[in-house]
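Working notes, structure below.
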Amino acid sequence: MININGLTFRYVGANADALTDINLRIPDGDFVGIIGPSGAGKTTLTRAINGLVPHHYKGDYYGEVLVDGKDTLKHTPDQLAVSVGSVFQDIESQLVSEIVEDEVLFGLENFSVSSGEIESQMEWALNAAGIPGLRNREIRSLSGGQKQKVAIASIIALRPKIIVLDEPTGELDPLASRRIFETLRELNTQFGVTVVVVEQKIMLLCEFARRLAVLSSVGLAIEGSVTDVLRHIDVLEATGVNIPRVATLAGLLRKKSLFFGEPPINVLGAKAMIENCLRGENTCLD
Ligand SMILES: Nc1ncnc2c1ncn2[C@@H]1O[C@H](COP(=O)(O)OP(=O)(O)O)[C@@H](O)[C@H]1O
Ligand SMILES: [Mg+2]
């Protein structure tokens, strides 16, 4: 469980708050997507969850963040890392080894996992990240998507309850991006890992996340289930988030009293919505 209560944070020397009065509760087992325009504080929010804010990045900090029951002010990022694993935006700086298996070992040894458990956790992590065949590969020979999965494997090898990822598909093409999200879904559904992911590709989030939190420069604009958030096109527009075309279409049809159902989250859903409208099933004829 992540509990963020009235969190406001301003980096040292900055003249505006990076986060303003954020209240957010993420239950165990959730899959939450964080979206928002550039500069809205998405990265800062991930840092507040893994403790880098305010332990590494200093500033004015108000409010409280509890991660797995631990107050992040009273625990160092290392202590928090047992509960929450982080995959940073700059993946190249996160990977420190030459060979995949060494990268995963590095974390396990750092966290004093007993030698008897290292092999099983290594195998589990490589499998769960979908890369059992890459174990002996040189990291520099891998594709961007494969490197992301190595980073994910090395983080989940420590069996954190929560994994926080900052734009993990930033450098990836659509197919590789999808594969990362399939891996995250697997971690979430098969292994109960709570997933918190910052992502610009809103359609991917809509398809894979259970809930969305939309950050704006003045705070948390809206938070809720994917379909609830997609209903609030006006809020999304005001925040400057890319609105999925299928949601825009649903909003237009609703305005014209032609559609009252749940907003679709993909093209197939949009097709069904249009077919319903054409059949007049959702039509209001007055
Ligand atoms: N290390 C830092 N020092 C000072 N200001 C920062 C630092 N990192 C981010 N900021 C500022 O905090 C605000 C939020 O940034 P960030 O969390 O990176 O937003 P996002 O990830 O949504 O683009 C921005 O105004 C940014 O310039
Ligand atoms: Mg960012």
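Letters for chains follow the order of the structure tokens (A, B, ...), residue numbers begin at 1 for each chain, and ligand numbers begin at 1 in the order shown.
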10 Å from ligand 1 is the threshold here; counting only C-alpha atoms and all ligand atoms, which polymer residues fall inside it? Answer as a ChimeraX atom specification. /A:9-19,34-48,53,56-59,89,166-167,198-200,215-217
Every residue of range 79-208 of chain A that DSSP places in strand (DSSP E or B), as a list in words: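 Filtering range 79-208 of chain A to strand (DSSP E or B) leaves Val84, Gly85, Ser86, Val87, Ile99, Glu138, Ile162, Ile163, Val164, Leu165, Asp166, Thr194, Val195, Val196, Val197 and Val198 of chain A.
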Could you give me, as a ChimeraX atom specification, the residues within 9 Å of Pro168 in chain A, counting only C-alpha atoms and dropping anything in the same chain fewer than 6 positions from it? /A:87-91,145,148,177,180,197-199
Give the answer as one residue: which of A:Gly269, A:Gly170, A:Gly224, A:Pro54 has the shortest atom-to-atom distance to ligand 2, using only C-alpha atoms and all ligand atoms?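 The closest residue to ligand 2 is A:Gly170.
Our summary of the geometry notes that CA of Ile99 in chain A is positioned 22.1 Å from CA of Leu165 in chain A.
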Counting only C-alpha atoms, figure out which residue out of A:Ser257, A:Glu171, A:Ile202, A:Ile265 gets nearest to Leu236 in chain A.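 Checking each candidate against Leu236 in chain A, we get A:Ile202 as the closest.
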For Leu66 in chain A, please output as a PyMOL selection string all residues within 9 Å (counting only C-alpha atoms; exclusion window: fewer than 3 positions along the same chain). chain A and resi 1-5+49+69-73
Determine the nearest neighbour of Asp21 in chain A from the options A:Thr8, A:Asn276, A:Ser93, A:Ser83, counting only C-alpha atoms.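 Closest to Asp21 in chain A, using only C-alpha atoms: A:Thr8.
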